[in-house]
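Enquirer: Next comes coords_8.txt, compact mmCIF, C-alpha atoms and all ligand atoms:
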```txt
# COMPACT_ATOMS: atom_id res chain seq x y z
CA MET P 15 -43.00 46.04 115.59
CA LEU P 16 -45.33 49.01 116.00
CA ASP P 17 -47.83 49.83 113.29
CA ARG P 18 -48.57 53.47 112.50
CA ARG P 19 -51.53 53.66 114.92
CA GLY P 20 -49.55 52.03 117.72
CA PHE P 21 -46.72 54.42 117.13
CA LEU P 22 -48.97 57.50 117.26
CA THR P 23 -50.67 56.25 120.43
CA ALA P 24 -47.30 55.69 122.09
CA LEU P 25 -46.12 59.10 120.88
CA VAL P 26 -49.07 60.93 122.44
CA ALA P 27 -48.97 58.87 125.64
CA THR P 28 -45.29 59.25 126.38
CA SER P 29 -43.81 62.30 124.69
CA GLY P 30 -43.98 64.63 127.68
CA CYS P 31 -43.48 62.31 130.65
CA ALA P 32 -39.98 61.97 132.03
CA LEU P 33 -38.86 58.54 133.17
CA ARG P 34 -38.96 57.96 136.92
CA LEU P 35 -35.38 57.02 137.74
CA PRO P 36 -34.35 54.42 140.29
CA PRO P 37 -32.11 55.62 143.17
CA ALA P 38 -28.40 56.03 142.42
CA PRO P 39 -26.47 52.79 142.95
CA SER P 40 -23.86 52.71 145.71
CA PRO P 41 -20.30 53.17 144.39
CA SER P 42 -18.75 49.91 143.21
CA ARG P 43 -15.26 48.60 144.05
CA TRP P 44 -12.83 48.34 141.19
CA THR P 45 -9.43 49.58 140.15
CA TRP P 46 -8.08 50.46 136.75
CA SER P 47 -4.49 51.22 135.81
CA PRO P 48 -3.43 50.27 132.27
CA GLU P 49 0.33 49.78 131.91
CA ARG P 50 0.73 52.55 129.40
CA ALA P 51 4.53 52.38 129.07
CA SER P 52 4.36 48.93 127.42
CA LEU P 53 1.29 49.49 125.22
CA PRO P 54 1.72 49.29 121.44
CA GLU P 55 0.61 52.58 119.86
CA VAL P 56 -2.81 52.27 118.24
CA SER P 57 -3.83 55.28 116.14
CA VAL P 58 -7.43 56.48 116.34
CA ARG P 59 -9.39 58.47 113.78
CA ALA P 60 -13.04 59.57 113.70
CA LEU P 61 -15.08 59.93 110.51
CA THR P 62 -18.54 61.51 110.50
CA VAL P 63 -20.38 59.60 107.80
CA ALA P 64 -23.73 61.35 108.31
CA THR P 65 -25.52 63.83 110.55
CA VAL P 66 -28.90 63.79 112.26
CA GLN P 67 -30.98 66.41 114.10
CA MET P 68 -31.60 65.75 117.80
CA SER P 69 -33.00 67.90 120.60
CA PRO P 70 -31.94 67.76 124.27
CA HIS P 71 -35.56 66.70 124.99
CA GLN P 72 -34.99 63.62 122.83
CA SER P 73 -31.52 62.80 124.10
CA ILE P 74 -31.72 63.62 127.86
CA ASN P 75 -34.43 62.50 130.27
CA GLY P 76 -36.07 65.47 132.04
CA GLU P 77 -34.72 68.07 129.57
CA LYS P 78 -37.43 70.30 128.07
CA ASP P 79 -35.44 72.03 125.31
CA ARG P 80 -36.83 70.85 121.97
CA THR P 81 -34.38 72.82 119.82
CA LYS P 82 -32.87 70.50 117.22
CA ARG P 83 -29.08 70.31 117.03
CA LEU P 84 -26.82 68.73 114.48
CA ALA P 85 -25.36 65.48 115.80
CA PRO P 86 -22.86 63.06 114.25
CA ILE P 87 -23.14 59.50 113.08
CA ALA P 88 -19.49 58.53 113.32
CA VAL P 89 -17.20 55.57 112.82
CA TYR P 90 -13.80 55.13 114.45
CA VAL P 91 -10.87 53.76 112.51
CA LEU P 92 -8.10 52.19 114.61
CA GLU P 93 -4.72 51.11 113.32
CA HIS P 94 -2.68 48.63 115.36
CA PRO P 95 1.04 48.40 114.50
CA THR P 96 0.93 44.63 113.90
CA GLU P 97 -2.79 43.73 113.78
CA GLY P 98 -3.68 46.27 111.11
CA LEU P 99 -6.85 48.22 110.50
CA LEU P 100 -10.04 47.91 112.55
CA VAL P 101 -13.24 49.93 112.47
CA VAL P 102 -15.72 50.49 115.30
CA ASP P 103 -19.20 50.63 113.67
CA THR P 104 -19.85 51.34 110.01
CA GLY P 105 -22.51 54.05 110.18
CA TYR P 106 -24.62 54.20 107.05
CA GLY P 107 -23.05 52.97 103.84
CA ARG P 108 -23.32 53.36 100.10
CA ARG P 109 -26.94 52.20 99.97
CA THR P 110 -27.98 55.18 102.13
CA ALA P 111 -25.69 57.53 100.21
CA ALA P 112 -27.48 56.45 97.01
CA ASP P 113 -31.01 56.79 98.46
CA PRO P 114 -31.90 57.21 102.16
CA ALA P 115 -35.55 56.47 101.25
CA ASP P 116 -34.37 52.95 100.35
CA TYR P 117 -32.45 52.56 103.64
CA PRO P 118 -33.21 53.41 106.43
CA GLY P 119 -36.46 54.49 104.74
CA ARG P 120 -38.47 57.69 104.37
CA LEU P 121 -39.97 57.78 107.89
CA ALA P 122 -36.67 57.24 109.71
CA THR P 123 -34.89 59.70 107.40
CA ARG P 124 -37.49 62.37 108.13
CA LEU P 125 -37.69 61.73 111.89
CA LEU P 126 -33.91 61.80 112.22
CA GLY P 127 -33.29 64.72 109.83
CA LEU P 128 -30.68 62.42 108.31
CA LYS P 129 -28.09 63.91 105.95
CA MET P 130 -25.52 61.56 104.48
CA LYS P 131 -21.95 62.78 104.04
CA SER P 132 -19.82 59.96 102.69
CA PRO P 133 -19.55 56.28 103.58
CA LEU P 134 -16.47 54.91 105.31
CA VAL P 135 -15.34 52.80 102.35
CA ASP P 136 -15.20 55.91 100.14
CA ARG P 137 -12.90 57.75 102.57
CA LEU P 138 -10.26 55.13 103.34
CA GLY P 139 -8.27 56.37 100.34
CA ASP P 140 -7.61 59.54 102.39
CA ILE P 141 -5.30 57.44 104.60
CA GLY P 142 -3.87 55.43 101.71
CA ARG P 143 -6.06 52.40 102.42
CA SER P 144 -9.04 50.62 100.95
CA ALA P 145 -11.89 48.47 102.28
CA GLY P 146 -9.76 45.37 101.62
CA ASP P 147 -7.36 46.56 104.34
CA LEU P 148 -10.06 46.43 107.05
CA ARG P 149 -9.31 43.27 109.00
CA HIS P 150 -12.00 43.66 111.66
CA ALA P 151 -15.29 45.52 112.11
CA LEU P 152 -16.53 45.79 115.72
CA ILE P 153 -20.21 46.67 115.82
CA THR P 154 -21.41 48.31 119.05
CA HIS P 155 -25.00 47.34 118.16
CA LEU P 156 -26.99 46.73 115.01
CA HIS P 157 -29.29 49.77 114.85
CA HIS P 158 -29.24 51.07 111.30
CA ASP P 159 -27.08 54.12 112.07
CA HIS P 160 -24.29 51.83 113.37
CA GLY P 161 -24.48 48.76 111.14
CA GLY P 162 -26.05 50.12 107.94
CA GLY P 163 -22.73 50.02 106.08
CA ILE P 164 -21.81 46.41 106.89
CA GLU P 165 -22.70 45.33 103.38
CA ASP P 166 -19.92 47.58 101.99
CA LEU P 167 -17.26 45.56 103.79
CA PRO P 168 -15.52 42.81 101.83
CA PRO P 169 -15.91 39.19 102.99
CA THR P 170 -12.32 39.32 104.24
CA THR P 171 -13.30 41.81 106.96
CA GLN P 172 -14.15 39.82 110.08
CA LEU P 173 -17.42 41.07 111.54
CA TRP P 174 -17.69 41.07 115.35
CA VAL P 175 -20.94 41.50 117.24
CA HIS P 176 -22.52 40.42 120.52
CA GLU P 177 -24.38 37.13 120.16
CA ARG P 178 -27.52 38.60 121.77
CA GLU P 179 -27.34 41.51 119.34
CA TRP P 180 -27.13 39.29 116.30
CA PHE P 181 -30.38 37.55 117.22
CA ALA P 182 -32.09 40.83 118.14
CA GLY P 183 -30.96 42.37 114.86
CA ALA P 184 -32.41 39.59 112.74
CA GLN P 185 -35.89 41.13 112.96
CA ARG P 186 -37.19 44.56 112.01
CA GLY P 187 -37.54 46.73 115.12
CA ALA P 188 -39.80 49.68 115.94
CA LEU P 189 -39.43 52.33 113.24
CA GLY P 190 -37.01 49.97 111.53
CA THR P 191 -34.31 50.56 114.19
CA TYR P 192 -33.24 47.06 113.24
CA ASP P 193 -33.27 46.13 109.60
CA PRO P 194 -31.11 43.16 108.67
CA LEU P 195 -30.93 44.14 104.99
CA PRO P 196 -27.26 45.24 105.11
CA TYR P 197 -25.96 42.29 107.13
CA ALA P 198 -28.36 39.37 106.72
CA GLY P 199 -25.92 37.41 104.58
CA ARG P 200 -22.94 37.79 106.91
CA SER P 201 -21.52 35.28 109.37
CA PRO P 202 -20.33 37.25 112.39
CA THR P 203 -17.98 36.19 115.13
CA TYR P 204 -19.42 36.73 118.60
CA PHE P 205 -17.47 38.52 121.32
CA PRO P 206 -16.48 35.77 123.81
CA PHE P 207 -17.89 37.44 126.93
CA VAL P 208 -19.08 34.24 128.62
CA GLY P 209 -16.96 33.58 131.70
CA SER P 210 -14.85 36.69 131.10
CA ALA P 211 -13.48 38.82 133.94
CA PRO P 212 -14.52 42.31 135.01
CA TYR P 213 -12.66 45.30 133.61
CA GLY P 214 -12.81 48.69 135.37
CA PRO P 215 -16.45 49.16 136.40
CA PHE P 216 -17.81 46.66 133.82
CA PRO P 217 -18.51 43.01 134.72
CA HIS P 218 -17.35 41.42 131.44
CA HIS P 219 -14.75 42.26 128.83
CA VAL P 220 -12.75 40.98 125.89
CA ASP P 221 -9.13 42.05 125.41
CA PHE P 222 -9.44 42.07 121.64
CA PHE P 223 -5.79 41.72 120.61
CA GLY P 224 -4.66 40.27 123.96
CA ASP P 225 -2.24 43.17 124.52
CA GLY P 226 -4.45 45.60 126.44
CA THR P 227 -4.90 48.07 123.57
CA VAL P 228 -8.51 47.41 122.53
CA ILE P 229 -11.02 46.31 125.16
CA VAL P 230 -14.62 45.43 124.34
CA LEU P 231 -17.08 45.87 127.23
CA ASP P 232 -20.44 44.15 127.62
CA ALA P 233 -22.93 46.99 128.23
CA PRO P 234 -26.51 45.81 127.59
CA GLY P 235 -29.38 48.24 127.99
CA HIS P 236 -29.73 50.46 124.93
CA THR P 237 -29.97 47.17 123.06
CA ALA P 238 -29.68 43.58 124.28
CA GLY P 239 -26.15 43.26 122.94
CA GLU P 240 -24.75 46.78 123.17
CA VAL P 241 -20.98 46.99 123.68
CA CYS P 242 -18.59 49.84 124.42
CA VAL P 243 -15.03 49.86 123.03
CA LEU P 244 -12.08 51.18 125.02
CA VAL P 245 -8.81 52.07 123.33
CA ASN P 246 -5.79 52.30 125.62
CA ARG P 247 -3.00 54.45 124.20
CA PRO P 248 0.40 55.27 125.71
CA THR P 249 -0.88 58.77 126.55
CA ARG P 250 -4.52 58.23 127.56
CA SER P 251 -7.59 56.07 126.97
CA TYR P 252 -10.71 56.62 124.89
CA LEU P 253 -14.04 55.00 125.64
CA PHE P 254 -16.34 54.80 122.62
CA THR P 255 -19.77 54.32 124.13
CA GLY P 256 -21.74 53.42 121.01
CA ASP P 257 -25.29 54.27 122.04
CA ALA P 258 -24.78 53.29 125.69
CA ALA P 259 -24.66 57.12 125.83
CA TRP P 260 -26.02 59.33 123.06
CA VAL P 261 -24.67 62.59 124.52
CA ASP P 262 -22.25 63.48 127.29
CA ARG P 263 -24.94 64.50 129.76
CA ASN P 264 -26.29 60.94 129.67
CA TRP P 265 -23.22 59.80 131.64
CA GLN P 266 -22.28 63.11 133.27
CA ASP P 267 -25.60 63.62 135.10
CA PRO P 268 -26.26 60.60 134.65
CA ALA P 269 -29.62 60.68 132.82
CA PRO P 270 -30.98 58.15 130.33
CA ILE P 271 -32.06 59.32 126.89
CA GLY P 272 -35.40 61.12 126.62
CA PRO P 273 -38.67 59.38 127.50
CA LEU P 274 -39.98 58.85 124.00
CA PRO P 275 -36.92 57.15 122.47
CA ALA P 276 -36.29 55.36 125.78
CA ARG P 277 -39.72 53.77 125.58
CA LEU P 278 -39.86 53.19 121.85
CA LEU P 279 -36.34 52.22 120.85
CA VAL P 280 -34.45 51.09 123.92
CA TRP P 281 -34.34 47.43 124.95
CA ASP P 282 -34.20 48.07 128.73
CA TRP P 283 -33.71 51.68 129.79
CA ARG P 284 -33.14 50.74 133.47
CA ARG P 285 -30.19 48.59 132.49
CA SER P 286 -28.97 51.36 130.20
CA TYR P 287 -29.04 53.62 133.29
CA ASP P 288 -26.79 51.11 135.12
CA GLN P 289 -24.23 51.39 132.31
CA LEU P 290 -24.38 55.20 132.49
CA TRP P 291 -23.48 55.04 136.19
CA ARG P 292 -20.51 52.81 135.35
CA ILE P 293 -19.26 55.30 132.78
CA HIS P 294 -19.95 58.17 135.17
CA GLU P 295 -17.87 56.60 137.95
CA TRP P 296 -15.06 55.74 135.57
CA ALA P 297 -14.82 59.28 134.17
CA GLU P 298 -15.04 60.79 137.67
CA ARG P 299 -12.25 58.64 139.10
CA CYS P 300 -9.88 58.47 136.12
CA PRO P 301 -8.77 61.74 134.51
CA ASP P 302 -6.78 59.78 131.89
CA LEU P 303 -10.05 58.52 130.36
CA THR P 304 -11.89 60.45 127.63
CA VAL P 305 -15.46 59.34 126.99
CA ILE P 306 -16.72 59.70 123.41
CA SER P 307 -20.53 59.55 123.42
CA GLY P 308 -22.27 58.10 120.36
CA HIS P 309 -24.14 61.18 119.09
CA GLU P 310 -22.78 64.13 121.10
CA PRO P 311 -23.25 67.30 119.00
CA ALA P 312 -19.99 68.79 120.37
CA ASN P 313 -18.02 65.87 118.87
CA LEU P 314 -18.54 67.49 115.45
CA ASP P 315 -16.17 70.30 116.44
CA ARG P 316 -13.91 68.88 119.11
CA LEU P 317 -12.74 65.54 117.69
CA PRO P 318 -9.78 65.75 115.29
CA ALA P 319 -11.09 66.37 111.75
CA TRP P 320 -10.70 63.33 109.49
CA PRO P 321 -8.07 62.08 108.70
CA GLY P 322 -6.35 63.57 111.74
CA THR P 323 -5.45 61.25 114.59
CA PHE P 324 -6.37 61.47 118.29
CA ALA P 325 -3.74 62.67 120.77
ZN ZN R 401 -27.06 55.51 117.24
```
For this file, produce the structure as structure tokens.
Expert:
Amino acid sequence: MLDRRGFLTALVATSGCALRLPPAPSPSRWTWSPERASLPEVSVRALTVATVQMSPHQSINGEKDRTKRLAPIAVYVLEHPTEGLLVVDTGYGRRTAADPADYPGRLATRLLGLKMKSPLVDRLGDIGRSAGDLRHALITHLHHDHGGGIEDLPPTTQLWVHEREWFAGAQRGALGTYDPLPYAGRSPTYFPFVGSAPYGPFPHHVDFFGDGTVIVLDAPGHTAGEVCVLVNRPTRSYLFTGDAAWVDRNWQDPAPIGPLPARLLVWDWRRSYDQLWRIHEWAERCPDLTVISGHEPANLDRLPAWPGTFA
């Protein structure tokens, strides 16, 4: 963990210097063709639980524009016809709604320009459900803006996380990016990636319900146990990147996030760059895939407004 002096030294030393990127990898060999006609229909909804302020300079390596833009902290609520309700990430929860200075703390709140809207568990009534109906919570990684609301979930909600992430998240990270306060008492189930097969451009995956609808992809880089979640629907597929990509240009260009957060907050930015190339290739080759980046400002306007469902 960085103390205040260490943080300021790192800030001065790194704020202006772009990361020197490795050469582009050669295209990989894979195929992807979900059998859409036989897929059960999983509904998908997005809820913005909070907003932050981020500049292109912070979110895209090599970008000089320091103008702050409003960006979402979102959760995704999936409903499977027989397996019930599942949420991808929790965002911040009731503790942050009550007092952001308590969690994630004054410094993080100020640096992020964090504004809470409403926690997931307070909005499930809009779709005629309650927290007790959430059977599973899939956490892309345990940074506070993705796992801060875990403590709002009842014990009956099964918590899923990457094993590497659970151990990384047990300690407080730089600027409190990890803070186990909301999940320390939980017993998660780990995604069984060990020995699993490739899926699309990713080397390991878990077919969550075993029917091809919800696929969890091992995507380390942003954190040690970052995952992406793919939802295959009869019409098209949605890839929720978590923070494998903050904004669309991360995977479109591809470019990692800006130099300061890459050096301060990211576990291994070179590996995160590998994941961005995978997403880039996938989106380039497959027009039936929509990529939903973790904190893309445009998502605030273009995703269906809660409680509307995705096409
Ligand atoms: Zn995030």
Enquirer: For ligand ZN 401 (chain R), which residue out of P:Val245, P:Ile153, P:Val101, P:Val208 is the nearest one, using all atoms listed in the file?
Expert: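 Closest to ligand ZN 401 (chain R) of all the choices is P:Ile153.
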Enquirer: Hey, which of P:Asp116, P:Asp262, P:Asp221, P:Glu310 ends up closest to ligand ZN 401 (chain R)? Count all atoms listed in the file.
Expert: P:Glu310
Enquirer: 7 Å from ligand ZN 401 (chain R) is the threshold here; counting all atoms listed in the file, which polymer residues fall inside it? Answer as an mmCIF file with C-alpha atoms, in the coordinates of the input.
Expert:
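Output contents, as saved in selection.cif:
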```cif
data_model
loop_
_atom_site.group_PDB
_atom_site.id
_atom_site.type_symbol
_atom_site.label_atom_id
_atom_site.label_comp_id
_atom_site.auth_asym_id
_atom_site.auth_seq_id
_atom_site.Cartn_x
_atom_site.Cartn_y
_atom_site.Cartn_z
ATOM 1 C CA ILE P 87 -23.140 59.500 113.080
ATOM 2 C CA HIS P 157 -29.290 49.770 114.850
ATOM 3 C CA ASP P 159 -27.080 54.120 112.070
ATOM 4 C CA HIS P 160 -24.290 51.830 113.370
ATOM 5 C CA GLY P 256 -21.740 53.420 121.010
ATOM 6 C CA ASP P 257 -25.290 54.270 122.040
ATOM 7 C CA GLY P 308 -22.270 58.100 120.360
ATOM 8 C CA HIS P 309 -24.140 61.180 119.090
#
```
Enquirer: When you count only C-alpha atoms, which of these residues is closest to Glu295 of chain P: P:Thr255, P:Thr65, P:Thr154, P:Gln266?
Expert: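 Of P:Thr255, P:Thr65, P:Thr154, P:Gln266, the one nearest Glu295 of chain P, counting only C-alpha atoms, is P:Gln266.
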Enquirer: Report as a PDB file with C-alpha atoms, in the coordinates of the input all protein, DNA and RNA residues lying within 12 Å of segment 69-79 of chain P, evaluated on only C-alpha atoms, omitting residues in the same chain fewer than 5 positions from it.
Expert:
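Saved file out_14.pdb follows:
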```pdb
ATOM      1  CA  THR P  28     -45.290  59.250 126.380  1.00  0.00           C
ATOM      2  CA  SER P  29     -43.810  62.300 124.690  1.00  0.00           C
ATOM      3  CA  GLY P  30     -43.980  64.630 127.680  1.00  0.00           C
ATOM      4  CA  CYS P  31     -43.480  62.310 130.650  1.00  0.00           C
ATOM      5  CA  ALA P  32     -39.980  61.970 132.030  1.00  0.00           C
ATOM      6  CA  LEU P  33     -38.860  58.540 133.170  1.00  0.00           C
ATOM      7  CA  ARG P  34     -38.960  57.960 136.920  1.00  0.00           C
ATOM      8  CA  LEU P  35     -35.380  57.020 137.740  1.00  0.00           C
ATOM      9  CA  LEU P  84     -26.820  68.730 114.480  1.00  0.00           C
ATOM     10  CA  ALA P  85     -25.360  65.480 115.800  1.00  0.00           C
ATOM     11  CA  LEU P 125     -37.690  61.730 111.890  1.00  0.00           C
ATOM     12  CA  LEU P 126     -33.910  61.800 112.220  1.00  0.00           C
ATOM     13  CA  GLY P 127     -33.290  64.720 109.830  1.00  0.00           C
ATOM     14  CA  ASP P 257     -25.290  54.270 122.040  1.00  0.00           C
ATOM     15  CA  ALA P 258     -24.780  53.290 125.690  1.00  0.00           C
ATOM     16  CA  ALA P 259     -24.660  57.120 125.830  1.00  0.00           C
ATOM     17  CA  TRP P 260     -26.020  59.330 123.060  1.00  0.00           C
ATOM     18  CA  VAL P 261     -24.670  62.590 124.520  1.00  0.00           C
ATOM     19  CA  ASP P 262     -22.250  63.480 127.290  1.00  0.00           C
ATOM     20  CA  ARG P 263     -24.940  64.500 129.760  1.00  0.00           C
ATOM     21  CA  ASN P 264     -26.290  60.940 129.670  1.00  0.00           C
ATOM     22  CA  TRP P 265     -23.220  59.800 131.640  1.00  0.00           C
ATOM     23  CA  GLN P 266     -22.280  63.110 133.270  1.00  0.00           C
ATOM     24  CA  ASP P 267     -25.600  63.620 135.100  1.00  0.00           C
ATOM     25  CA  PRO P 268     -26.260  60.600 134.650  1.00  0.00           C
ATOM     26  CA  ALA P 269     -29.620  60.680 132.820  1.00  0.00           C
ATOM     27  CA  PRO P 270     -30.980  58.150 130.330  1.00  0.00           C
ATOM     28  CA  ILE P 271     -32.060  59.320 126.890  1.00  0.00           C
ATOM     29  CA  GLY P 272     -35.400  61.120 126.620  1.00  0.00           C
ATOM     30  CA  PRO P 273     -38.670  59.380 127.500  1.00  0.00           C
ATOM     31  CA  LEU P 274     -39.980  58.850 124.000  1.00  0.00           C
ATOM     32  CA  PRO P 275     -36.920  57.150 122.470  1.00  0.00           C
ATOM     33  CA  ALA P 276     -36.290  55.360 125.780  1.00  0.00           C
ATOM     34  CA  ARG P 277     -39.720  53.770 125.580  1.00  0.00           C
ATOM     35  CA  LEU P 278     -39.860  53.190 121.850  1.00  0.00           C
ATOM     36  CA  LEU P 279     -36.340  52.220 120.850  1.00  0.00           C
ATOM     37  CA  TRP P 283     -33.710  51.680 129.790  1.00  0.00           C
ATOM     38  CA  TYR P 287     -29.040  53.620 133.290  1.00  0.00           C
ATOM     39  CA  SER P 307     -20.530  59.550 123.420  1.00  0.00           C
ATOM     40  CA  GLY P 308     -22.270  58.100 120.360  1.00  0.00           C
ATOM     41  CA  HIS P 309     -24.140  61.180 119.090  1.00  0.00           C
ATOM     42  CA  GLU P 310     -22.780  64.130 121.100  1.00  0.00           C
ATOM     43  CA  PRO P 311     -23.250  67.300 119.000  1.00  0.00           C
TER      44      PRO P 311
END
```
Enquirer: Could you please determine the separation between atom CA of His219 of chain P and atom CA of Ala233 of chain P in Å, to one decimal place?
Expert: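 Atom-to-atom, atom CA of His219 of chain P to atom CA of Ala233 of chain P, that is 9.5 Å.
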Enquirer: Given only C-alpha atoms as the basis, pick out the residue of P:Pro248, P:Gly98, P:Pro118, P:Gly107 nearest to His150 of chain P.
Expert: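 Smallest distance to His150 of chain P is found for P:Gly98.
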Enquirer: Measuring atom to atom with only C-alpha atoms, identify which of P:Pro133, P:Gly226, P:Pro202, P:Pro318 is nearest to Arg178 of chain P.
Expert: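 Of all the options, P:Pro202 lies closest to Arg178 of chain P.
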Enquirer: Between atom CA of Glu177 of chain P and atom CA of Phe205 of chain P, what distance in Å does the model show, to one decimal?
Expert: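 A separation of 7.1 Å between them.
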Enquirer: List every protein, DNA or RNA residue with an atom no more than 12 Å from (-28.0, 45.3, 111.2) in the file's coordinates, counting all atoms listed in the file, and format the result as a compact mmCIF listing (two decimals) with C-alpha atoms, keeping the file's coordinate frame.
Expert:
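Full text of result-v5.txt as output:
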```
# COMPACT_ATOMS: atom_id res chain seq x y z
CA ASP P 103 -19.20 50.63 113.67
CA THR P 104 -19.85 51.34 110.01
CA GLY P 105 -22.51 54.05 110.18
CA TYR P 106 -24.62 54.20 107.05
CA GLY P 107 -23.05 52.97 103.84
CA TYR P 117 -32.45 52.56 103.64
CA PRO P 118 -33.21 53.41 106.43
CA ILE P 153 -20.21 46.67 115.82
CA THR P 154 -21.41 48.31 119.05
CA HIS P 155 -25.00 47.34 118.16
CA LEU P 156 -26.99 46.73 115.01
CA HIS P 157 -29.29 49.77 114.85
CA HIS P 158 -29.24 51.07 111.30
CA ASP P 159 -27.08 54.12 112.07
CA HIS P 160 -24.29 51.83 113.37
CA GLY P 161 -24.48 48.76 111.14
CA GLY P 162 -26.05 50.12 107.94
CA GLY P 163 -22.73 50.02 106.08
CA ILE P 164 -21.81 46.41 106.89
CA GLU P 165 -22.70 45.33 103.38
CA LEU P 173 -17.42 41.07 111.54
CA TRP P 174 -17.69 41.07 115.35
CA VAL P 175 -20.94 41.50 117.24
CA HIS P 176 -22.52 40.42 120.52
CA GLU P 179 -27.34 41.51 119.34
CA TRP P 180 -27.13 39.29 116.30
CA PHE P 181 -30.38 37.55 117.22
CA ALA P 182 -32.09 40.83 118.14
CA GLY P 183 -30.96 42.37 114.86
CA ALA P 184 -32.41 39.59 112.74
CA GLN P 185 -35.89 41.13 112.96
CA ARG P 186 -37.19 44.56 112.01
CA GLY P 187 -37.54 46.73 115.12
CA GLY P 190 -37.01 49.97 111.53
CA THR P 191 -34.31 50.56 114.19
CA TYR P 192 -33.24 47.06 113.24
CA ASP P 193 -33.27 46.13 109.60
CA PRO P 194 -31.11 43.16 108.67
CA LEU P 195 -30.93 44.14 104.99
CA PRO P 196 -27.26 45.24 105.11
CA TYR P 197 -25.96 42.29 107.13
CA ALA P 198 -28.36 39.37 106.72
CA GLY P 199 -25.92 37.41 104.58
CA ARG P 200 -22.94 37.79 106.91
CA PRO P 202 -20.33 37.25 112.39
```
Enquirer: For atom CA of Gly119 of chain P and atom CA of Asp282 of chain P, determine how far apart the two atoms are, in Å to one decimal place.
Expert: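 These two atoms are separated by 24.9 Å.
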Enquirer: Between P:Trp291, P:Trp320, P:Phe223, P:Trp296, which residue has the minimum interatomic distance to Leu53 of chain P, considering only C-alpha atoms?
Expert: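 Going through P:Trp291, P:Trp320, P:Phe223, P:Trp296 one by one, the smallest distance to Leu53 of chain P is for P:Phe223.
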Enquirer: Extract, using only C-alpha atoms, all DNA, RNA and protein residues at most 8 Å from Ile141 of chain P, discarding same-chain residues fewer than 3 positions from it, and format them as a list in words.
Expert: Arg137, Leu138 and Pro321 of chain P
Enquirer: Name all residues at most 10 Å from Pro169 of chain P (count all atoms listed in the file; drop same-chain ones fewer than 6 positions away) and give them as a list of chain:residue names.
Expert: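 So the residues in contact are P:Gly146, P:Arg149, P:Arg200, P:Ser201.
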Enquirer: As lines of an AutoDock Vina configuration file, please: the centre and edge lengths in Å, to one decimal, of an axis-aligned box enclosing every listed atom of segment 114-122 of chain P with 3 Å added on each side.
Expert:
```
center_x = -35.9
center_y = 55.2
center_z = 105.0
size_x = 14.1
size_y = 11.2
size_z = 15.4
```
Enquirer: I want to know what sits within 9 Å of Pro39 of chain P, based on all atoms listed in the file, with residues of the same chain fewer than 2 positions away left out; could you give that as a list of chain:residue names?
Expert: P:Pro36, P:Pro37, P:Pro41, P:Ser42, P:Asp288, P:Trp291
Enquirer: Excluding Ile229 of chain P and its own-chain neighbours fewer than 5 positions away, which residues fall within 12 Å of it when counting all atoms listed in the file? Please give them as a short mmCIF file (atom, residue, chain, number, x, y, z; two decimals) with C-alpha atoms, keeping the file's coordinate frame.
Expert:
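Dumped to out_0.cif:
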```
data_model
loop_
_atom_site.label_atom_id
_atom_site.label_comp_id
_atom_site.auth_asym_id
_atom_site.auth_seq_id
_atom_site.Cartn_x
_atom_site.Cartn_y
_atom_site.Cartn_z
CA PRO P 48 -3.43 50.27 132.27
CA VAL P 102 -15.72 50.49 115.30
CA LEU P 152 -16.53 45.79 115.72
CA PHE P 205 -17.47 38.52 121.32
CA PRO P 206 -16.48 35.77 123.81
CA PHE P 207 -17.89 37.44 126.93
CA SER P 210 -14.85 36.69 131.10
CA ALA P 211 -13.48 38.82 133.94
CA PRO P 212 -14.52 42.31 135.01
CA TYR P 213 -12.66 45.30 133.61
CA GLY P 214 -12.81 48.69 135.37
CA PHE P 216 -17.81 46.66 133.82
CA HIS P 218 -17.35 41.42 131.44
CA HIS P 219 -14.75 42.26 128.83
CA VAL P 220 -12.75 40.98 125.89
CA ASP P 221 -9.13 42.05 125.41
CA PHE P 222 -9.44 42.07 121.64
CA PHE P 223 -5.79 41.72 120.61
CA GLY P 224 -4.66 40.27 123.96
CA VAL P 241 -20.98 46.99 123.68
CA CYS P 242 -18.59 49.84 124.42
CA VAL P 243 -15.03 49.86 123.03
CA LEU P 244 -12.08 51.18 125.02
CA VAL P 245 -8.81 52.07 123.33
CA ASN P 246 -5.79 52.30 125.62
CA ARG P 247 -3.00 54.45 124.20
CA SER P 251 -7.59 56.07 126.97
CA TYR P 252 -10.71 56.62 124.89
CA LEU P 253 -14.04 55.00 125.64
CA PHE P 254 -16.34 54.80 122.62
CA THR P 255 -19.77 54.32 124.13
#
```
Enquirer: Would you fill out segment 97-102 of chain P with N, CA and C atoms and return it as a compact mmCIF listing (two decimals), in the coordinates of the input?
Expert:
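Output file out-v7.txt is given in full below:
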```txt
# COMPACT_ATOMS: atom_id res chain seq x y z
N GLU P 97 -1.50 44.37 114.07
CA GLU P 97 -2.79 43.73 113.78
C GLU P 97 -3.57 44.44 112.68
N GLY P 98 -3.08 45.59 112.25
CA GLY P 98 -3.68 46.27 111.11
C GLY P 98 -4.90 47.12 111.46
N LEU P 99 -5.78 47.24 110.46
CA LEU P 99 -6.85 48.22 110.50
C LEU P 99 -8.15 47.61 111.02
N LEU P 100 -8.80 48.36 111.91
CA LEU P 100 -10.04 47.91 112.55
C LEU P 100 -11.00 49.09 112.56
N VAL P 101 -12.28 48.84 112.38
CA VAL P 101 -13.24 49.93 112.47
C VAL P 101 -14.29 49.61 113.54
N VAL P 102 -14.64 50.62 114.32
CA VAL P 102 -15.72 50.49 115.30
C VAL P 102 -16.97 51.11 114.66
```
